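To be precise, the following lines are protein.txt, and they hold compact mmCIF, C-alpha atoms and all ligand atoms.
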```txt
# COMPACT_ATOMS: atom_id res chain seq x y z
CA MET D 1 0.00 0.00 0.00
CA THR D 2 1.31 3.45 -0.78
CA ASP D 3 0.75 6.72 1.04
CA ALA D 4 -1.85 7.55 -1.56
CA ASP D 5 -3.84 4.50 -0.52
CA ASP D 6 -4.23 6.00 2.93
CA VAL D 7 -6.64 8.49 1.48
CA GLN D 8 -9.32 5.94 0.83
CA PRO D 9 -12.55 6.65 -0.92
CA SER D 10 -15.24 6.30 1.72
CA ARG D 11 -16.51 2.94 0.45
CA LYS D 12 -13.13 1.21 0.34
CA LEU D 13 -11.62 0.68 3.76
CA ALA D 14 -7.87 0.26 4.22
CA ILE D 15 -6.86 -3.31 5.03
CA HIS D 16 -5.65 -2.48 8.54
CA THR D 17 -8.99 -0.85 9.34
CA LYS D 18 -10.75 -3.98 8.12
CA ILE D 19 -8.49 -6.16 10.27
CA LEU D 20 -9.26 -4.01 13.32
CA ILE D 21 -12.98 -4.36 12.65
CA GLY D 22 -12.49 -8.12 12.32
CA LEU D 23 -10.71 -8.19 15.68
CA LEU D 24 -13.46 -6.26 17.41
CA VAL D 25 -16.32 -8.24 15.86
CA GLY D 26 -14.59 -11.55 16.67
CA ALA D 27 -13.89 -10.53 20.27
CA ILE D 28 -17.39 -9.20 20.93
CA LEU D 29 -19.09 -12.25 19.41
CA GLY D 30 -16.70 -14.56 21.25
CA VAL D 31 -17.30 -13.03 24.67
CA THR D 32 -21.06 -13.01 24.04
CA ALA D 33 -21.04 -16.64 22.91
CA ASN D 34 -19.06 -17.60 25.99
CA ASN D 35 -21.50 -15.81 28.30
CA LEU D 36 -24.58 -17.34 26.70
CA PHE D 37 -23.39 -20.81 25.70
CA GLY D 38 -19.94 -21.27 27.30
CA GLY D 39 -18.95 -24.96 27.52
CA GLU D 40 -21.88 -26.24 25.37
CA GLN D 41 -20.86 -28.96 22.96
CA TRP D 42 -22.23 -27.29 19.82
CA LEU D 43 -20.15 -24.18 20.54
CA ILE D 44 -17.00 -26.29 20.98
CA ASP D 45 -17.76 -28.11 17.70
CA PHE D 46 -18.35 -24.80 15.96
CA ILE D 47 -15.02 -23.44 17.23
CA ASP D 48 -13.12 -26.61 16.34
CA GLY D 49 -14.80 -26.81 12.92
CA PRO D 50 -15.50 -23.80 10.68
CA VAL D 51 -13.94 -21.18 12.95
CA TYR D 52 -10.69 -23.11 13.26
CA PHE D 53 -10.73 -23.81 9.52
CA VAL D 54 -10.93 -20.17 8.41
CA GLY D 55 -8.20 -19.04 10.84
CA GLN D 56 -5.91 -21.85 9.74
CA VAL D 57 -6.41 -21.28 5.99
CA PHE D 58 -5.06 -17.77 6.46
CA LEU D 59 -2.13 -18.76 8.68
CA ARG D 60 -1.20 -21.74 6.52
CA ILE D 61 -1.07 -19.69 3.30
CA ILE D 62 1.29 -17.27 4.99
CA PHE D 63 3.47 -19.97 6.54
CA MET D 64 3.57 -21.75 3.19
CA VAL D 65 5.60 -18.88 1.76
CA VAL D 66 7.63 -17.84 4.80
CA ILE D 67 10.69 -19.95 3.97
CA PRO D 68 10.89 -18.87 0.29
CA LEU D 69 10.41 -15.28 1.42
CA LEU D 70 13.03 -15.43 4.15
CA PHE D 71 15.52 -17.14 1.90
CA SER D 72 15.04 -14.91 -1.14
CA ALA D 73 14.89 -11.65 0.84
CA LEU D 74 17.98 -12.33 2.94
CA THR D 75 20.06 -13.79 0.10
CA LEU D 76 19.20 -10.83 -2.11
CA GLY D 77 19.82 -8.40 0.76
CA VAL D 78 23.33 -9.75 1.25
CA ALA D 79 24.07 -10.16 -2.47
CA GLU D 80 22.88 -6.63 -3.24
CA LEU D 81 24.88 -5.06 -0.43
CA GLY D 82 27.83 -6.60 -2.18
CA ASP D 83 30.57 -4.71 -0.45
CA ILE D 84 31.83 -6.88 2.41
CA ARG D 85 32.95 -3.91 4.51
CA LYS D 86 29.50 -2.33 4.29
CA LEU D 87 27.96 -5.68 5.19
CA GLY D 88 30.25 -5.98 8.21
CA ARG D 89 29.28 -2.50 9.37
CA ILE D 90 25.56 -3.12 8.99
CA GLY D 91 25.89 -6.53 10.62
CA ALA D 92 27.79 -5.11 13.60
CA ARG D 93 25.27 -2.31 14.07
CA THR D 94 22.32 -4.69 13.88
CA PHE D 95 23.95 -7.05 16.35
CA GLY D 96 24.93 -4.28 18.80
CA TYR D 97 21.45 -2.76 18.61
CA THR D 98 19.82 -6.13 19.24
CA LEU D 99 21.90 -6.94 22.29
CA ILE D 100 21.49 -3.55 23.94
CA VAL D 101 17.81 -3.02 23.25
CA THR D 102 16.87 -6.60 24.18
CA THR D 103 18.69 -6.18 27.49
CA ILE D 104 16.75 -2.97 28.16
CA SER D 105 13.47 -4.76 27.47
CA VAL D 106 14.21 -7.63 29.85
CA VAL D 107 15.35 -5.25 32.59
CA ILE D 108 12.05 -3.33 32.28
CA GLY D 109 10.11 -6.59 32.58
CA LEU D 110 12.10 -7.91 35.54
CA ALA D 111 11.86 -4.61 37.40
CA ILE D 112 8.06 -4.48 37.12
CA VAL D 113 7.48 -8.13 38.00
CA ASN D 114 9.68 -7.72 41.08
CA ILE D 115 7.77 -4.64 42.20
CA VAL D 116 4.23 -5.92 41.60
CA GLN D 117 4.83 -9.62 42.47
CA PRO D 118 1.81 -10.86 40.46
CA GLY D 119 2.54 -14.49 41.43
CA HIS D 120 1.30 -13.82 44.94
CA PHE D 121 -2.13 -12.81 43.65
CA LEU D 122 -2.97 -16.29 42.37
CA SER D 123 -4.95 -18.56 44.73
CA GLU D 124 -3.91 -22.19 45.24
CA GLU D 125 -7.30 -23.26 43.87
CA SER D 126 -6.95 -21.34 40.57
CA LYS D 127 -3.40 -22.65 40.25
CA GLN D 128 -4.55 -26.30 40.39
CA GLU D 129 -7.49 -25.58 38.07
CA LEU D 130 -5.26 -23.92 35.48
CA ILE D 131 -2.64 -26.69 35.60
CA ALA D 132 -5.34 -29.32 35.05
CA SER D 133 -7.10 -27.48 32.24
CA THR D 134 -4.39 -27.02 29.62
CA ASP D 135 -2.39 -29.30 27.44
CA LYS D 136 1.26 -28.69 28.08
CA ASP D 137 2.83 -32.01 27.11
CA LYS D 138 3.89 -31.16 23.56
CA ILE D 139 5.65 -27.98 24.66
CA ILE D 140 7.48 -29.79 27.45
CA ALA D 141 8.46 -32.59 25.02
CA ASN D 142 9.93 -30.03 22.59
CA ALA D 143 11.93 -28.43 25.37
CA GLU D 144 13.17 -31.86 26.47
CA THR D 145 14.51 -32.56 22.96
CA ALA D 146 16.31 -29.21 22.95
CA LYS D 147 17.79 -29.92 26.38
CA LYS D 148 19.32 -33.21 25.28
CA THR D 149 21.58 -31.43 22.78
CA LYS D 150 25.07 -30.54 24.05
CA THR D 151 25.99 -26.85 24.10
CA VAL D 152 28.77 -27.31 21.55
CA ASP D 153 26.29 -28.99 19.19
CA LYS D 154 23.74 -26.22 19.74
CA ILE D 155 26.33 -23.74 18.51
CA LEU D 156 27.38 -25.98 15.63
CA GLN D 157 23.78 -26.44 14.52
CA ILE D 158 23.67 -22.80 13.50
CA ILE D 159 25.78 -23.99 10.55
CA PRO D 160 23.37 -26.34 8.80
CA ASN D 161 24.73 -29.53 7.29
CA ASN D 162 21.29 -30.14 5.84
CA PRO D 163 19.62 -26.78 5.17
CA ILE D 164 16.60 -28.46 3.60
CA GLY D 165 16.07 -30.38 6.86
CA ASP D 166 16.17 -27.12 8.80
CA MET D 167 13.76 -25.49 6.37
CA ALA D 168 11.38 -28.40 6.80
CA ASN D 169 11.51 -28.14 10.59
CA SER D 170 11.44 -24.36 11.03
CA ILE D 171 7.73 -23.85 11.35
CA ASN D 172 6.34 -27.04 12.77
CA PRO D 173 9.31 -29.01 14.10
CA HIS D 174 9.19 -32.79 14.35
CA PRO D 175 9.44 -33.77 18.05
CA ALA D 176 12.78 -35.49 17.38
CA TYR D 177 14.25 -32.46 15.56
CA ALA D 178 16.89 -30.72 17.63
CA GLY D 179 18.37 -28.28 15.08
CA SER D 180 18.19 -24.50 15.23
CA GLY D 181 15.41 -24.01 12.63
CA PHE D 182 15.09 -20.50 11.24
CA ILE D 183 18.54 -19.48 12.50
CA ALA D 184 20.19 -22.24 10.43
CA VAL D 185 18.11 -21.28 7.38
CA MET D 186 19.20 -17.68 7.76
CA PHE D 187 22.80 -18.71 8.11
CA PHE D 188 22.51 -20.63 4.84
CA ALA D 189 20.84 -17.68 3.10
CA PHE D 190 23.51 -15.35 4.43
CA ILE D 191 26.40 -17.49 3.21
CA PHE D 192 24.68 -18.11 -0.11
CA GLY D 193 24.24 -14.35 -0.55
CA LEU D 194 27.92 -13.81 0.22
CA GLY D 195 28.81 -16.46 -2.37
CA LEU D 196 26.70 -14.64 -4.96
CA ALA D 197 28.20 -11.27 -4.07
CA MET D 198 31.73 -12.60 -4.54
CA SER D 199 31.07 -14.38 -7.85
CA ASP D 200 31.30 -13.11 -11.41
CA PRO D 201 28.10 -11.02 -11.82
CA ASP D 202 27.29 -12.39 -15.29
CA THR D 203 27.52 -15.98 -14.13
CA VAL D 204 25.21 -15.53 -11.13
CA ALA D 205 22.77 -13.13 -12.81
CA PRO D 206 20.24 -15.92 -13.59
CA ILE D 207 20.13 -17.01 -9.93
CA ILE D 208 19.64 -13.43 -8.77
CA GLY D 209 16.84 -13.14 -11.35
CA VAL D 210 15.18 -16.30 -10.02
CA LEU D 211 15.41 -15.08 -6.44
CA LYS D 212 13.88 -11.74 -7.44
CA GLY D 213 11.10 -13.65 -9.17
CA ILE D 214 10.44 -15.79 -6.09
CA TYR D 215 10.39 -12.71 -3.91
CA ALA D 216 7.93 -10.90 -6.19
CA ALA D 217 5.60 -13.91 -6.43
CA VAL D 218 5.66 -14.45 -2.66
CA MET D 219 4.72 -10.82 -2.10
CA LYS D 220 1.69 -11.28 -4.37
CA ILE D 221 0.63 -14.41 -2.50
CA ILE D 222 0.90 -12.57 0.79
CA ASP D 223 -1.23 -9.74 -0.61
CA PHE D 224 -3.90 -12.28 -1.42
CA ALA D 225 -3.62 -13.87 2.03
CA MET D 226 -3.94 -10.46 3.66
CA SER D 227 -7.25 -9.92 1.92
CA LEU D 228 -8.50 -12.88 3.98
CA ALA D 229 -7.01 -11.46 7.18
CA PRO D 230 -10.06 -9.57 8.49
CA TYR D 231 -12.20 -12.73 8.44
CA ALA D 232 -9.43 -14.99 9.69
CA VAL D 233 -8.55 -12.64 12.52
CA ALA D 234 -12.21 -12.51 13.56
CA CYS D 235 -12.18 -16.32 13.73
CA LEU D 236 -8.87 -16.56 15.61
CA ILE D 237 -9.96 -14.13 18.28
CA PHE D 238 -13.47 -15.63 18.44
CA ALA D 239 -11.96 -19.05 19.14
CA THR D 240 -9.98 -17.71 22.12
CA THR D 241 -12.67 -15.56 23.66
CA ALA D 242 -15.58 -17.99 23.09
CA ARG D 243 -13.63 -20.79 24.71
CA LEU D 244 -12.26 -18.87 27.65
CA GLY D 245 -14.43 -15.82 28.18
CA PHE D 246 -13.12 -13.56 30.87
CA SER D 247 -12.82 -16.08 33.68
CA VAL D 248 -9.27 -17.14 32.92
CA PHE D 249 -8.21 -13.51 32.80
CA LYS D 250 -9.65 -12.88 36.24
CA SER D 251 -7.30 -15.19 38.10
CA LEU D 252 -4.34 -14.11 36.01
CA ALA D 253 -5.26 -10.42 35.78
CA ALA D 254 -2.22 -9.19 37.71
CA TYR D 255 0.19 -11.21 35.55
CA VAL D 256 -1.48 -10.15 32.29
CA ALA D 257 -1.47 -6.53 33.42
CA VAL D 258 2.24 -6.66 34.33
CA VAL D 259 3.16 -8.08 30.91
CA LEU D 260 1.00 -5.55 29.04
CA VAL D 261 2.26 -2.55 31.04
CA ALA D 262 5.90 -3.59 30.57
CA LEU D 263 5.34 -4.13 26.84
CA ALA D 264 3.67 -0.71 26.57
CA ILE D 265 6.58 1.01 28.36
CA HIS D 266 9.08 -0.54 25.97
CA GLN D 267 6.88 0.03 22.91
CA PHE D 268 6.06 3.67 23.52
CA GLY D 269 8.90 4.67 25.85
CA THR D 270 12.09 2.95 24.72
CA TYR D 271 11.25 2.92 21.00
CA SER D 272 10.16 6.56 21.01
CA VAL D 273 13.53 7.54 22.47
CA LEU D 274 15.39 5.31 20.00
CA VAL D 275 13.42 6.53 17.00
CA TYR D 276 13.99 10.12 18.05
CA PHE D 277 17.71 9.87 18.69
CA LEU D 278 18.88 7.09 16.37
CA ALA D 279 16.58 7.57 13.39
CA LYS D 280 16.00 11.29 13.97
CA MET D 281 12.28 10.88 13.43
CA ASN D 282 9.25 12.13 15.30
CA PRO D 283 7.99 9.02 17.18
CA ILE D 284 4.33 9.88 16.54
CA THR D 285 4.95 10.04 12.79
CA PHE D 286 6.88 6.78 13.04
CA PHE D 287 4.11 4.90 14.86
CA SER D 288 1.46 6.28 12.56
CA LYS D 289 3.41 5.19 9.46
CA ILE D 290 3.88 1.65 10.73
CA ARG D 291 0.41 1.09 12.17
CA GLU D 292 -0.47 -1.37 9.42
CA VAL D 293 2.52 -3.49 10.46
CA MET D 294 1.58 -3.33 14.13
CA ILE D 295 -1.98 -4.47 13.38
CA THR D 296 -0.72 -7.31 11.19
CA ALA D 297 1.67 -8.45 13.93
CA PHE D 298 -1.10 -8.25 16.50
CA SER D 299 -3.52 -10.28 14.41
CA THR D 300 -1.11 -12.98 13.19
CA SER D 301 1.00 -13.37 16.39
CA SER D 302 3.92 -14.04 14.10
CA SER D 303 6.97 -11.95 13.24
CA ASN D 304 7.65 -14.14 10.24
CA ALA D 305 4.12 -13.79 8.90
CA THR D 306 4.39 -10.02 9.36
CA LEU D 307 7.73 -9.83 7.53
CA PRO D 308 6.31 -9.02 4.06
CA THR D 309 4.12 -6.20 5.39
CA ALA D 310 7.01 -4.93 7.50
CA MET D 311 9.34 -4.90 4.48
CA ARG D 312 6.88 -3.14 2.23
CA VAL D 313 5.92 -0.46 4.76
CA THR D 314 9.52 0.16 5.87
CA GLU D 315 10.59 0.66 2.27
CA GLU D 316 7.61 2.67 1.04
CA LYS D 317 6.73 4.78 4.05
CA LEU D 318 10.05 5.21 5.82
CA GLY D 319 12.28 5.18 2.74
CA VAL D 320 14.65 2.45 3.96
CA PRO D 321 16.33 0.84 0.91
CA ARG D 322 15.51 -2.77 0.09
CA GLU D 323 18.94 -4.19 0.70
CA ILE D 324 18.78 -2.90 4.29
CA THR D 325 15.23 -4.14 4.95
CA GLY D 326 16.16 -7.45 3.32
CA PHE D 327 19.01 -7.82 5.76
CA VAL D 328 17.87 -6.21 9.02
CA LEU D 329 14.18 -7.14 8.95
CA THR D 330 14.68 -10.75 7.90
CA LEU D 331 17.34 -11.34 10.53
CA GLY D 332 15.31 -9.38 13.07
CA SER D 333 12.14 -11.42 12.50
CA THR D 334 13.85 -14.28 14.28
CA ALA D 335 16.80 -12.81 16.12
CA ASN D 336 15.53 -9.48 17.49
CA GLN D 337 12.52 -10.19 19.64
CA ASN D 338 12.36 -7.67 22.44
CA GLY D 339 8.75 -8.42 23.32
CA THR D 340 9.47 -12.12 23.60
CA ALA D 341 12.55 -11.58 25.78
CA LEU D 342 10.65 -9.23 28.09
CA TYR D 343 7.76 -11.67 28.33
CA GLU D 344 10.06 -14.63 29.10
CA GLY D 345 11.66 -12.79 32.00
CA ILE D 346 8.33 -11.79 33.53
CA THR D 347 6.78 -15.22 33.04
CA VAL D 348 9.61 -17.13 34.66
CA LEU D 349 9.69 -14.83 37.67
CA PHE D 350 5.90 -14.91 37.91
CA LEU D 351 5.87 -18.71 37.95
CA ALA D 352 8.70 -18.77 40.49
CA GLN D 353 6.51 -16.59 42.71
CA VAL D 354 3.52 -18.90 42.15
CA PHE D 355 5.54 -21.94 43.21
CA ASN D 356 7.22 -20.07 46.05
CA VAL D 357 10.68 -20.63 44.60
CA ASP D 358 12.91 -17.89 45.96
CA LEU D 359 15.32 -16.86 43.23
CA THR D 360 18.70 -15.58 44.34
CA PHE D 361 20.23 -12.56 42.64
CA GLY D 362 22.47 -14.93 40.67
CA GLN D 363 19.44 -16.90 39.46
CA GLN D 364 17.71 -13.70 38.39
CA ILE D 365 20.80 -12.86 36.36
CA THR D 366 20.53 -16.33 34.78
CA VAL D 367 16.90 -15.52 33.89
CA LEU D 368 18.03 -12.19 32.43
CA LEU D 369 20.71 -13.79 30.25
CA MET D 370 18.54 -16.69 29.17
CA SER D 371 15.67 -14.34 28.29
CA ILE D 372 18.03 -12.31 26.10
CA LEU D 373 19.12 -15.52 24.37
CA ALA D 374 15.49 -16.58 24.04
CA GLY D 375 14.78 -13.28 22.29
CA ILE D 376 17.49 -14.19 19.80
CA GLY D 377 16.61 -17.87 19.39
CA THR D 378 12.81 -17.89 19.26
CA ALA D 379 11.10 -18.74 15.99
CA GLY D 380 8.81 -15.91 14.83
CA VAL D 381 5.70 -18.08 14.86
CA PRO D 382 2.67 -18.09 17.19
CA GLY D 383 3.72 -19.45 20.58
CA GLY D 384 7.32 -19.79 19.37
CA SER D 385 8.71 -18.81 22.74
CA LEU D 386 6.83 -21.36 24.86
CA PRO D 387 9.39 -24.21 24.68
CA LEU D 388 12.05 -21.68 25.68
CA VAL D 389 10.01 -20.61 28.70
CA VAL D 390 10.15 -24.26 29.80
CA LEU D 391 13.93 -24.34 29.40
CA VAL D 392 14.42 -21.17 31.43
CA LEU D 393 12.02 -22.44 34.11
CA GLN D 394 14.00 -25.63 34.47
CA SER D 395 17.32 -23.82 34.61
CA VAL D 396 16.20 -22.09 37.81
CA ASN D 397 14.35 -25.12 39.26
CA VAL D 398 10.78 -23.95 38.77
CA PRO D 399 8.45 -26.86 37.80
CA ALA D 400 8.02 -27.04 34.02
CA GLU D 401 4.32 -27.86 34.35
CA GLY D 402 3.95 -24.25 35.46
CA ILE D 403 3.73 -23.40 31.77
CA ALA D 404 0.17 -24.76 31.88
CA ILE D 405 -0.85 -21.93 34.18
CA ILE D 406 -0.24 -19.26 31.58
CA LEU D 407 -1.26 -21.11 28.40
CA GLY D 408 -4.88 -19.95 28.61
CA VAL D 409 -3.95 -16.29 28.31
CA ASP D 410 -0.99 -16.80 26.02
CA ARG D 411 -2.72 -15.90 22.77
CA ILE D 412 -3.43 -12.33 23.78
CA LEU D 413 0.06 -11.88 25.24
CA ASP D 414 1.55 -13.46 22.11
CA MET D 415 -0.32 -10.99 19.91
CA SER D 416 0.94 -8.11 22.02
CA ARG D 417 4.59 -9.16 22.29
CA THR D 418 4.74 -9.79 18.54
CA VAL D 419 3.86 -6.12 17.96
CA LEU D 420 6.97 -5.20 19.95
CA ASN D 421 9.13 -7.74 18.19
CA VAL D 422 8.28 -6.27 14.81
CA THR D 423 8.40 -2.62 15.90
CA GLY D 424 11.89 -3.30 17.26
CA ASP D 425 13.01 -4.67 13.88
CA ILE D 426 11.72 -1.60 12.04
CA THR D 427 13.40 0.71 14.56
CA ALA D 428 16.64 -1.16 13.95
CA ALA D 429 16.24 -0.87 10.16
CA ALA D 430 15.55 2.87 10.43
CA TYR D 431 18.61 3.32 12.65
CA VAL D 432 20.91 1.30 10.40
CA ALA D 433 19.67 3.12 7.28
CA ARG D 434 20.22 6.51 8.88
CA ALA D 435 23.69 5.50 10.08
CA GLU D 436 24.46 4.53 6.46
CA GLY D 437 23.55 8.04 5.37
CA VAL D 438 20.09 7.29 3.96
CA VAL D 439 17.65 10.21 4.18
CA LEU D 440 14.47 8.77 5.67
CA LYS D 441 10.96 9.90 4.77
CA THR D 442 10.06 11.67 7.99
N1 LIG D 501 4.91 -15.00 18.33
C1 LIG D 501 6.16 -14.37 18.55
C2 LIG D 501 6.67 -13.79 17.24
O1 LIG D 501 6.39 -14.31 16.19
C3 LIG D 501 7.18 -15.28 19.13
C4 LIG D 501 6.79 -15.64 20.54
O2 LIG D 501 7.11 -14.86 21.46
O3 LIG D 501 6.14 -16.65 20.78
O4 LIG D 501 7.36 -12.81 17.22
```
How would this structure read if it were set down as structure tokens?
Amino acid sequence: MTDADDVQPSRKLAIHTKILIGLLVGAILGVTANNLFGGEQWLIDFIDGPVYFVGQVFLRIIFMVVIPLLFSALTLGVAELGDIRKLGRIGARTFGYTLIVTTISVVIGLAIVNIVQPGHFLSEESKQELIASTDKDKIIANAETAKKTKTVDKILQIIPNNPIGDMANSINPHPAYAGSGFIAVMFFAFIFGLGLAMSDPDTVAPIIGVLKGIYAAVMKIIDFAMSLAPYAVACLIFATTARLGFSVFKSLAAYVAVVLVALAIHQFGTYSVLVYFLAKMNPITFFSKIREVMITAFSTSSSNATLPTAMRVTEEKLGVPREITGFVLTLGSTANQNGTALYEGITVLFLAQVFNVDLTFGQQITVLLMSILAGIGTAGVPGGSLPLVVLVLQSVNVPAEGIAIILGVDRILDMSRTVLNVTGDITAAAYVARAEGVVLKT
């Protein structure tokens, strides 16, 4: 969508407005259905049948093209940057930004959860009820597989010896898969792009042409998928609210509030400061230009699914060149997840409070470091961070089944933290572009 499309004729609503309407309609109908018919079998069948179907069609079309998109965008980004020194500079800036800003986000989260202590608000009765009501086994099994891998192998797995295997396991990993998923795919794309950049341009021109073709086709497919988004989003949110209503939020209200407040502080506090000083942009203009991306992130709960919208908006509305978005945003969609890191820190401390596990200062530092790593290693898919929450829980001796307590409210928190994850990537791209001397559209 271009700026011109913002001025819509009155009968044609912009896609992000339609998605917002879908969200509201889905939520209102869902809460009403839960109040009137909560728990009735026909409602459960309706949610598990047509409602589930529509939501999944949308998500599956997007996930179908995520790997081709990630691969073509990152390879082209690296190949088009060409100059290895420039690449090194951009890489170092992106990496430095990610480490510092992720640390800030986790510190905000840990500070608030320590002050409010939401874990002490949960009654023993609700705790047992929540543990019994959710299915946590698959998440714990995934974490177990990851735990079995030795640290040296975990590092080695970033270099894929079978990139196709990693591609196949990035989105919906087989329980026995212990590789590093998206990170390995990105490593492959990165190295492949370097290979192209260093080769004779005439020889590799056909491959570059093919990658550009894949990228263009994927963008068209995503456009089509986004036209389904308003309906799909209504279904996704209906499924959550009709099943749970408000009751689950009541017992976890303090925890949900702590996560949302911390996310809001980072979203509108930290990013405003960064946008102002690093990208030299007015934060209000920035947020208004990227609102379509924020709504897409909120409705899909997936940084990877939001990547195409993020790339388009960052190029068209902020004026960041494609080779920078191709590099920073693709890497960021997996490796720069501030919202996820913040949420991991809060969740682990919250569950420690629930189980009365007193964490020493040293253990809190472990949570801090592991949350930062989780922000770097989490796949940008719905619920991608949950297996990592289990790993961090276990590292500080909090029972892993605790994950069940928060699963009921995870969807809404996932939607919210994904907004941060994606906003952080765009902030990074704007900063890197500006540092490279690009004049942004402010
Ligand atoms: N859904 C998040 C994302 O895609 C990842 C997570 O925190 O679960 O960015």
Could you build a table of the residues in chain D lying no more than 7 Å from ligand LIG 501 (chain D), giving for each the nearest pair of atoms and their separation in Å rounded to one decimal place, using only C-alpha atoms and all ligand atoms, ordered by chain and ascending residue number, as JSON lines?
```
{"residue": "D:Ser301", "atom": "CA", "partner": "D:LIG501", "partner_atom": "N1", "distance": 4.7}
{"residue": "D:Ser302", "atom": "CA", "partner": "D:LIG501", "partner_atom": "O1", "distance": 3.2}
{"residue": "D:Ser303", "atom": "CA", "partner": "D:LIG501", "partner_atom": "O1", "distance": 3.8}
{"residue": "D:Asn304", "atom": "CA", "partner": "D:LIG501", "partner_atom": "O1", "distance": 6.1}
{"residue": "D:Ser333", "atom": "CA", "partner": "D:LIG501", "partner_atom": "O4", "distance": 6.9}
{"residue": "D:Gln337", "atom": "CA", "partner": "D:LIG501", "partner_atom": "O4", "distance": 6.3}
{"residue": "D:Gly339", "atom": "CA", "partner": "D:LIG501", "partner_atom": "O2", "distance": 6.9}
{"residue": "D:Thr340", "atom": "CA", "partner": "D:LIG501", "partner_atom": "O2", "distance": 4.2}
{"residue": "D:Thr378", "atom": "CA", "partner": "D:LIG501", "partner_atom": "C3", "distance": 6.2}
{"residue": "D:Ala379", "atom": "CA", "partner": "D:LIG501", "partner_atom": "C3", "distance": 6.1}
{"residue": "D:Gly380", "atom": "CA", "partner": "D:LIG501", "partner_atom": "O1", "distance": 3.2}
{"residue": "D:Val381", "atom": "CA", "partner": "D:LIG501", "partner_atom": "O1", "distance": 4.1}
{"residue": "D:Pro382", "atom": "CA", "partner": "D:LIG501", "partner_atom": "N1", "distance": 4.0}
{"residue": "D:Gly383", "atom": "CA", "partner": "D:LIG501", "partner_atom": "O3", "distance": 3.7}
{"residue": "D:Gly384", "atom": "CA", "partner": "D:LIG501", "partner_atom": "O3", "distance": 3.6}
{"residue": "D:Ser385", "atom": "CA", "partner": "D:LIG501", "partner_atom": "O3", "distance": 3.9}
{"residue": "D:Leu386", "atom": "CA", "partner": "D:LIG501", "partner_atom": "O3", "distance": 6.3}
{"residue": "D:Asp414", "atom": "CA", "partner": "D:LIG501", "partner_atom": "N1", "distance": 5.3}
{"residue": "D:Met415", "atom": "CA", "partner": "D:LIG501", "partner_atom": "N1", "distance": 6.8}
{"residue": "D:Arg417", "atom": "CA", "partner": "D:LIG501", "partner_atom": "O2", "distance": 6.3}
{"residue": "D:Thr418", "atom": "CA", "partner": "D:LIG501", "partner_atom": "O4", "distance": 4.2}
{"residue": "D:Asn421", "atom": "CA", "partner": "D:LIG501", "partner_atom": "O4", "distance": 5.5}
```
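Separating CA of Pro163 in chain D from CA of Phe182 in chain D is a distance of 9.8 Å.
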For this session: In Å, rounded to a single decimal, give me how far CA of Tyr431 in chain D is from CA of Ala279 in chain D.
Result: 4.8 Å
For this session: Would you mind telling me which residue in D:Phe190, D:Phe246, D:Tyr343, D:Phe277 lies nearest to Gly38 in chain D when using all atoms listed in the file?
Result: D:Phe246
Seminar exercise, completed: With distances taken over all atoms listed in the file, the candidate from D:Val256, D:Ile44, D:Leu368, D:Leu24 nearest Leu110 in chain D is D:Leu368
Problem set entry | Within-9 Å shell of (5.6, 0.5, 14.1) in input frame, only C-alpha atoms, as JSON, numbers by chain | {"D": [267, 286, 287, 288, 289, 290, 291, 292, 293, 294, 310, 419, 420, 422, 423, 424, 426, 427]}
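Of the residues under consideration (D:Ile372, D:Ile62, D:Leu20, D:Val57), D:Ile372 shows the shortest atom-to-atom contact distance to Ser105 in chain D when counting only C-alpha atoms.
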Ala262 in chain D environment, 10 Å, all atoms listed in the file, sequence neighbours closer than 6 positions dropped, as an mmCIF file with C-alpha atoms, in the frame of the given file:
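In the end it all went to out_25.cif:
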```
data_model
loop_
_atom_site.group_PDB
_atom_site.id
_atom_site.type_symbol
_atom_site.label_atom_id
_atom_site.label_comp_id
_atom_site.auth_asym_id
_atom_site.auth_seq_id
_atom_site.Cartn_x
_atom_site.Cartn_y
_atom_site.Cartn_z
ATOM 1 C CA SER D 105 13.470 -4.760 27.470
ATOM 2 C CA VAL D 106 14.210 -7.630 29.850
ATOM 3 C CA VAL D 107 15.350 -5.250 32.590
ATOM 4 C CA ILE D 108 12.050 -3.330 32.280
ATOM 5 C CA GLY D 109 10.110 -6.590 32.580
ATOM 6 C CA LEU D 110 12.100 -7.910 35.540
ATOM 7 C CA ALA D 111 11.860 -4.610 37.400
ATOM 8 C CA ILE D 112 8.060 -4.480 37.120
ATOM 9 C CA VAL D 113 7.480 -8.130 38.000
ATOM 10 C CA GLY D 269 8.900 4.670 25.850
ATOM 11 C CA GLY D 339 8.750 -8.420 23.320
ATOM 12 C CA LEU D 342 10.650 -9.230 28.090
ATOM 13 C CA TYR D 343 7.760 -11.670 28.330
ATOM 14 C CA ILE D 346 8.330 -11.790 33.530
#
```
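Here CA of Ala433 in chain D and CA of Pro68 in chain D stand 24.7 Å from one another.
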Could the centre and edge lengths of an axis-aligned box, enclosing all atoms of range 112-128 of chain D in the file with 4 Å extra on each side, be given in Å to one decimal as JSON?
```
{"center_x": 1.2, "center_y": -15.4, "center_z": 41.2, "size_x": 25.0, "size_y": 29.8, "size_z": 16.1}
```
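Checking D:Leu329, D:Lys148, D:Lys250, D:Val51 one by one against Val313 in chain D, counting all atoms listed in the file, you find the shortest gap at D:Leu329.
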For this session: Pick out the residues sitting within 10 Å of Met281 in chain D, and hand them over as a list in words; count all atoms listed in the file, and ignore anything fewer than 6 positions along from it in its own chain.
Result: Ser272, Val273, Leu274, Val275, Leu318, Ala430, Tyr431, Leu440, Lys441 and Thr442 of chain D
